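protein.txt follows; it contains compact mmCIF, C-alpha atoms.
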# COMPACT_ATOMS: atom_id res chain seq x y z
CA MET A 854 0.00 0.00 0.00
CA ILE A 855 1.31 3.42 -0.88
CA ILE A 856 -1.55 5.48 0.50
CA LYS A 857 0.67 7.34 2.97
CA GLU A 858 3.21 8.04 0.25
CA ILE A 859 0.54 9.50 -2.03
CA ILE A 860 -0.84 11.55 0.86
CA ALA A 861 2.63 12.95 1.58
CA ILE A 862 3.10 14.06 -2.03
CA ILE A 863 -0.37 15.63 -2.19
CA ILE A 864 0.22 17.45 1.10
CA GLY A 865 3.59 18.66 -0.17
CA TYR A 866 2.06 19.98 -3.36
CA LEU A 867 -0.82 21.72 -1.56
CA LEU A 868 1.52 23.28 0.98
CA GLY A 869 3.70 24.54 -1.84
CA SER A 870 0.64 25.97 -3.55
CA ILE A 871 -0.16 28.32 -0.67
CA PRO A 872 0.07 31.67 -2.53
CA SER A 873 1.91 33.62 0.14
CA ALA A 874 3.31 36.28 -2.20
CA TYR A 875 -0.08 36.82 -3.81
CA VAL A 876 -1.86 37.16 -0.45
CA ALA A 877 0.82 39.41 1.07
CA THR A 878 0.78 41.73 -1.94
CA ARG A 879 -3.01 41.94 -1.92
CA LEU A 880 -3.07 42.76 1.78
CA ALA A 881 -0.24 45.27 1.64
CA SER A 882 -1.01 47.09 -1.60
CA GLY A 883 -4.21 45.73 -3.11
CA LYS A 884 -2.26 44.73 -6.23
CA ASP A 885 -1.83 41.40 -7.99
CA VAL A 886 1.82 40.35 -7.66
CA ARG A 887 1.58 38.70 -11.09
CA GLN A 888 0.93 42.09 -12.65
CA ILE A 889 3.82 44.03 -11.11
CA GLY A 890 7.59 43.87 -11.43
CA GLY A 891 8.72 40.68 -13.06
CA GLY A 892 5.38 38.99 -12.39
CA ASN A 893 7.02 36.35 -10.22
CA VAL A 894 4.86 35.04 -7.37
CA GLY A 895 7.73 35.06 -4.90
CA GLY A 896 9.38 36.95 -2.09
CA LEU A 897 11.96 38.80 -4.20
CA ASN A 898 9.32 40.39 -6.40
CA VAL A 899 7.34 41.34 -3.30
CA TYR A 900 10.46 42.91 -1.77
CA ARG A 901 11.21 44.95 -4.85
CA GLU A 902 7.67 46.07 -5.64
CA VAL A 903 5.82 46.12 -2.30
CA GLY A 904 8.28 46.33 0.58
CA ALA A 905 10.51 44.57 3.05
CA TRP A 906 7.95 43.58 5.68
CA PRO A 907 5.52 41.86 3.29
CA ALA A 908 8.53 40.15 1.68
CA LEU A 909 9.73 38.95 5.09
CA ALA A 910 6.33 37.41 5.76
CA VAL A 911 6.41 35.73 2.35
CA GLY A 912 9.90 34.39 2.99
CA ILE A 913 8.94 32.91 6.35
CA VAL A 914 5.86 31.21 4.91
CA ASP A 915 7.76 29.89 1.88
CA LEU A 916 10.52 28.45 4.07
CA GLY A 917 7.83 26.90 6.24
CA LYS A 918 6.10 25.28 3.27
CA GLY A 919 9.18 23.30 2.33
CA ALA A 920 10.10 22.48 5.91
CA ALA A 921 6.56 21.36 6.77
CA ALA A 922 6.27 19.10 3.71
CA VAL A 923 9.45 17.26 4.68
CA ALA A 924 8.63 17.19 8.41
CA ILE A 925 5.17 15.71 7.83
CA ALA A 926 6.55 13.00 5.55
CA TYR A 927 9.45 12.17 7.88
CA TRP A 928 7.93 12.39 11.37
CA LEU A 929 4.15 12.20 10.99
CA LEU A 930 3.91 9.67 8.16
CA ASP A 931 7.25 7.91 8.87
CA LEU A 932 8.11 7.39 5.22
CA SER A 933 11.24 6.09 3.54
CA PRO A 934 13.83 8.67 2.36
CA VAL A 935 12.75 8.55 -1.27
CA PHE A 936 9.22 9.66 -0.39
CA VAL A 937 10.41 12.24 2.13
CA LEU A 938 12.48 13.73 -0.68
CA ALA A 939 9.52 13.43 -3.05
CA ALA A 940 7.32 15.35 -0.60
CA GLY A 941 9.85 18.17 -0.52
CA LEU A 942 10.09 18.18 -4.30
CA ALA A 943 6.28 18.23 -4.53
CA ALA A 944 6.25 21.36 -2.36
CA VAL A 945 8.62 23.09 -4.78
CA ILE A 946 6.48 22.01 -7.75
CA GLY A 947 3.38 23.26 -5.94
CA HIS A 948 5.02 26.63 -5.36
CA ASN A 949 6.14 26.95 -8.97
CA TRP A 950 2.77 25.89 -10.38
CA MET A 951 0.12 26.87 -7.82
CA VAL A 952 -3.23 25.22 -8.33
CA TRP A 953 -4.98 28.24 -6.77
CA LEU A 954 -3.42 30.69 -9.26
CA LYS A 955 -4.12 28.80 -12.48
CA PHE A 956 -0.73 27.10 -12.21
CA SER A 957 1.30 30.28 -12.17
CA GLY A 958 3.82 30.63 -9.37
CA GLY A 959 7.29 31.50 -8.17
CA LYS A 960 10.69 29.96 -8.70
CA GLY A 961 10.81 27.76 -5.62
CA MET A 962 14.07 28.75 -3.96
CA GLY A 963 12.54 29.70 -0.60
CA VAL A 964 10.65 26.41 -0.45
CA THR A 965 13.81 24.55 -1.45
CA ILE A 966 15.85 26.11 1.35
CA GLY A 967 13.10 25.29 3.85
CA ALA A 968 13.05 21.68 2.71
CA LEU A 969 16.85 21.38 2.82
CA ALA A 970 16.91 22.91 6.30
CA VAL A 971 15.05 19.83 7.51
CA LEU A 972 16.36 17.21 5.09
CA PHE A 973 20.08 17.58 5.71
CA PRO A 974 19.86 17.49 9.53
CA VAL A 975 17.40 14.59 9.81
CA TYR A 976 19.64 12.46 7.61
CA GLY A 977 22.70 13.42 9.60
CA TYR A 978 24.40 15.76 7.17
CA TRP A 979 24.49 19.18 8.86
CA PRO A 980 27.59 20.24 6.88
CA GLY A 981 25.57 19.98 3.66
CA LEU A 982 23.28 22.73 4.89
CA LEU A 983 26.20 24.99 5.83
CA ILE A 984 27.97 24.33 2.53
CA THR A 985 24.81 25.17 0.57
CA PHE A 986 24.32 28.42 2.47
CA GLY A 987 27.98 29.28 1.94
CA ILE A 988 27.70 28.71 -1.80
CA ILE A 989 24.71 31.05 -1.88
CA LEU A 990 26.30 33.70 0.33
CA ILE A 991 29.71 34.11 -1.34
CA PRO A 992 28.45 34.93 -4.88
CA TYR A 993 25.72 37.12 -3.40
CA VAL A 994 28.21 39.23 -1.45
CA ILE A 995 30.16 39.78 -4.68
CA THR A 996 27.30 40.30 -7.16
CA HIS A 997 24.22 41.14 -5.06
CA ASN A 998 22.42 38.87 -7.52
CA ILE A 999 20.39 36.42 -5.45
CA ALA A 1000 19.04 34.57 -8.48
CA LEU A 1001 22.55 33.90 -9.78
CA SER A 1002 23.78 32.89 -6.32
CA MET A 1003 20.96 30.42 -5.81
CA GLY A 1004 21.43 29.10 -9.33
CA ILE A 1005 25.06 28.30 -8.54
CA ALA A 1006 23.96 26.54 -5.36
CA LEU A 1007 21.45 24.46 -7.33
CA VAL A 1008 24.13 23.35 -9.76
CA CYS A 1009 26.33 22.34 -6.82
CA LEU A 1010 23.56 20.59 -4.86
CA PRO A 1011 23.81 17.17 -6.59
CA PHE A 1012 27.56 17.13 -5.89
CA ILE A 1013 27.01 18.17 -2.27
CA THR A 1014 24.46 15.40 -1.85
CA TRP A 1015 26.57 12.72 -3.50
CA LEU A 1016 29.88 13.58 -1.84
CA GLY A 1017 28.38 14.09 1.60
CA MET A 1018 25.70 11.43 1.75
CA ASN A 1019 26.67 9.02 -1.03
CA SER A 1020 22.98 8.83 -1.86
CA GLY A 1021 22.04 7.98 -5.42
CA ILE A 1022 18.36 8.77 -4.79
CA GLY A 1023 19.24 12.07 -3.14
CA THR A 1024 21.50 13.00 -6.04
CA ILE A 1025 18.82 12.17 -8.62
CA MET A 1026 16.26 14.20 -6.69
CA ALA A 1027 18.70 17.13 -6.53
CA VAL A 1028 19.10 16.99 -10.32
CA ILE A 1029 15.33 16.89 -10.81
CA LEU A 1030 14.96 19.80 -8.39
CA GLY A 1031 17.46 21.81 -10.41
CA LEU A 1032 15.54 21.12 -13.61
CA VAL A 1033 12.20 22.07 -12.00
CA ILE A 1034 13.58 25.39 -10.79
CA GLY A 1035 15.64 25.95 -13.93
CA ILE A 1036 12.49 25.79 -16.05
CA LYS A 1037 11.14 28.78 -14.11
CA PHE A 1038 14.43 30.68 -14.10
CA LEU A 1039 15.14 30.32 -17.82
CA PRO A 1040 12.66 32.92 -19.16
CA THR A 1041 13.87 35.46 -16.58
CA ALA A 1042 17.50 34.75 -17.41
CA LYS A 1043 16.83 35.19 -21.14
CA ALA A 1044 15.04 38.49 -20.52
CA SER A 1045 17.86 39.75 -18.28
CA TRP A 1046 20.47 38.77 -20.86
CA ALA A 1047 18.56 40.58 -23.61
CA LYS A 1048 18.33 43.78 -21.54
CA ALA A 1049 21.92 43.69 -20.28
CA GLU A 1050 24.40 45.95 -22.03
CA GLY A 1051 27.21 43.56 -21.12
CA LYS A 1052 28.06 40.51 -19.06
CA GLY A 1053 28.62 42.71 -16.02
CA ASP A 1054 25.04 43.95 -16.12
CA PHE A 1055 23.83 40.36 -16.35
CA ILE A 1056 25.96 39.10 -13.47
CA PHE A 1057 25.65 42.07 -11.12
CA ASP A 1058 22.18 43.01 -9.94
CA HIS A 1059 21.31 46.20 -11.81
CA TRP A 1060 18.26 46.71 -9.58
CA GLN A 1061 20.50 47.14 -6.57
CA ARG A 1062 22.52 49.76 -8.40
CA GLU A 1063 19.40 51.61 -9.48
CA LYS A 1064 18.18 51.73 -5.89
CA LYS A 1065 21.45 53.35 -4.82
CA GLU A 1066 21.42 55.99 -7.56
Let's see the structure in the file written out as structure tokens.
Amino acid sequence: MIIKEIIAIIIGYLLGSIPSAYVATRLASGKDVRQIGGGNVGGLNVYREVGAWPALAVGIVDLGKGAAAVAIAYWLLDLSPVFVLAAGLAAVIGHNWMVWLKFSGGKGMGVTIGALAVLFPVYGYWPGLLITFGIILIPYVITHNIALSMGIALVCLPFITWLGMNSGIGTIMAVILGLVIGIKFLPTAKASWAKAEGKGDFIFDHWQREKKE
């Protein structure tokens, strides 16, 4: 019987589908987050277009969605690692294609970090979490480009998983996760590249520079 496994994946997807950025933007400004900025239903777009406090609320909820999906599968349903990982992946998919918003959504990085914050510790690999955060932080300090920094971390995640945990399933899931998020990042990356006057404008966050000017 795989009833519990199916339940875990459904719960993960529905948790991921909670439209935190949409709700926060509506409450704070009355606007539809899909119609402002880059149209992304995520915390970064909320931060840029609405403000820091609504974005903080979105970030907390998005982290919680990923963490809760994994925690429910691991502790409440007591599932095997492959389905715990699948529940976390389902949360990211739910966030990227929200059933409540006609399958529009964000890019899934907040949910991913929330899921990893539970996954690495419960399977005894705390260093993996610290390494992942370090890989995000170092490029961000240099470029102020959070999308690029998280993209680098996603590329590294399968290697972190394999080298630290020697888990074939975990590595495969990390690759799938990268593809799921990459699908959502690709249109934004293409648009940024088209607008950039040079590689420097693409790598370094022009929005940050505009805010300072």
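Of the residues listed (A:Leu897, A:Ile1013, A:Leu909, A:Leu954), A:Leu954 shows the shortest atom-to-atom separation from Asp885 (chain A); distances use only C-alpha atoms.
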Non-local contacts of Ala910 (chain A) (9 Å; all atoms listed in the file; under 3 positions in same chain excluded) as a ChimeraX atom specification:
/A:873-874,877,896,905-907,913-915
Hey, what's within 12 Å of Leu916 (chain A) if we count all atoms listed in the file and toss same-chain stuff fewer than 6 positions away? As a list in words, please?
Leu868, Gly869, Ile871, Ser873, Gly895, Gly896, Leu909, Ala910, Ala922, Val923, Gly941, Ala944, Val945, His948, Gly961, Met962, Gly963, Val964, Thr965, Ile966, Gly967, Ala968, Leu969, Ala970 and Val971 of chain A
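In this comparison, which uses only C-alpha atoms, the residue of A:Phe973, A:Trp928, A:Phe936, A:Tyr993 approaching Thr1014 (chain A) most closely is A:Phe973.
The residue that comes closest to Ile1034 (chain A), out of A:Lys884, A:Lys857, A:Lys960, A:Lys955 and on the basis of only C-alpha atoms, is A:Lys960.
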If you count only C-alpha atoms, which residues fall within 12 Å of region 981-987 of chain A, apart from same-chain ones fewer than 3 positions away, as a PDB file with C-alpha atoms, keeping the file's coordinate frame?
ATOM      1  CA  THR A 965      13.810  24.550  -1.450  1.00  0.00           C
ATOM      2  CA  ILE A 966      15.850  26.110   1.350  1.00  0.00           C
ATOM      3  CA  GLY A 967      13.100  25.290   3.850  1.00  0.00           C
ATOM      4  CA  ALA A 968      13.050  21.680   2.710  1.00  0.00           C
ATOM      5  CA  LEU A 969      16.850  21.380   2.820  1.00  0.00           C
ATOM      6  CA  ALA A 970      16.910  22.910   6.300  1.00  0.00           C
ATOM      7  CA  VAL A 971      15.050  19.830   7.510  1.00  0.00           C
ATOM      8  CA  LEU A 972      16.360  17.210   5.090  1.00  0.00           C
ATOM      9  CA  PHE A 973      20.080  17.580   5.710  1.00  0.00           C
ATOM     10  CA  PRO A 974      19.860  17.490   9.530  1.00  0.00           C
ATOM     11  CA  VAL A 975      17.400  14.590   9.810  1.00  0.00           C
ATOM     12  CA  TYR A 976      19.640  12.460   7.610  1.00  0.00           C
ATOM     13  CA  GLY A 977      22.700  13.420   9.600  1.00  0.00           C
ATOM     14  CA  TYR A 978      24.400  15.760   7.170  1.00  0.00           C
ATOM     15  CA  LEU A 990      26.300  33.700   0.330  1.00  0.00           C
ATOM     16  CA  ILE A 991      29.710  34.110  -1.340  1.00  0.00           C
ATOM     17  CA  PRO A 992      28.450  34.930  -4.880  1.00  0.00           C
ATOM     18  CA  TYR A 993      25.720  37.120  -3.400  1.00  0.00           C
ATOM     19  CA  VAL A 994      28.210  39.230  -1.450  1.00  0.00           C
ATOM     20  CA  ILE A 999      20.390  36.420  -5.450  1.00  0.00           C
ATOM     21  CA  SER A1002      23.780  32.890  -6.320  1.00  0.00           C
ATOM     22  CA  MET A1003      20.960  30.420  -5.810  1.00  0.00           C
ATOM     23  CA  GLY A1004      21.430  29.100  -9.330  1.00  0.00           C
ATOM     24  CA  ILE A1005      25.060  28.300  -8.540  1.00  0.00           C
ATOM     25  CA  ALA A1006      23.960  26.540  -5.360  1.00  0.00           C
ATOM     26  CA  LEU A1007      21.450  24.460  -7.330  1.00  0.00           C
ATOM     27  CA  VAL A1008      24.130  23.350  -9.760  1.00  0.00           C
ATOM     28  CA  CYS A1009      26.330  22.340  -6.820  1.00  0.00           C
ATOM     29  CA  LEU A1010      23.560  20.590  -4.860  1.00  0.00           C
ATOM     30  CA  PRO A1011      23.810  17.170  -6.590  1.00  0.00           C
ATOM     31  CA  PHE A1012      27.560  17.130  -5.890  1.00  0.00           C
ATOM     32  CA  ILE A1013      27.010  18.170  -2.270  1.00  0.00           C
ATOM     33  CA  THR A1014      24.460  15.400  -1.850  1.00  0.00           C
ATOM     34  CA  TRP A1015      26.570  12.720  -3.500  1.00  0.00           C
ATOM     35  CA  LEU A1016      29.880  13.580  -1.840  1.00  0.00           C
ATOM     36  CA  GLY A1017      28.380  14.090   1.600  1.00  0.00           C
ATOM     37  CA  MET A1018      25.700  11.430   1.750  1.00  0.00           C
ATOM     38  CA  ASN A1019      26.670   9.020  -1.030  1.00  0.00           C
TER      39      ASN A1019
END
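Excluding Leu932 (chain A) itself and same-chain residues fewer than 5 positions from it, the residues having an atom within 10 Å of it are Ile855, Lys857, Glu858, Ala861, Val923, Ile925, Ala926, Tyr927, Val937, Leu938 and Ala940 of chain A, counting all atoms listed in the file.
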So, counting all atoms listed in the file, which residue among A:Val911, A:Leu929, A:Ile864, A:Ile859 is closest to Ala881 (chain A)?
A:Val911
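Nearest to Leu942 (chain A) of all the residues A:Ala920, A:Ile989, A:Ile856, A:Ile995 is A:Ala920, based on all atoms listed in the file.
CA of Arg887 (chain A) is positioned 11.2 Å from CA of Pro872 (chain A).
Picture a line from CA of Tyr866 (chain A) to CA of Asn998 (chain A); it runs 28.1 Å.
For the pair CA of Leu930 (chain A) and CA of Gly865 (chain A), the interatomic distance is 12.3 Å.
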Mind giving me the axis-aligned box for region 981-995 of chain A with 3 Å on every side, centre plus edges in Å to one decimal, as JSON?
{"center_x": 26.7, "center_y": 29.9, "center_z": 0.5, "size_x": 12.9, "size_y": 25.8, "size_z": 16.7}
Under the rule that only C-alpha atoms are counted, which of A:Val894, A:Ala921, A:Ala908, A:Ala939 is the nearest residue to Ser957 (chain A)?
A:Val894
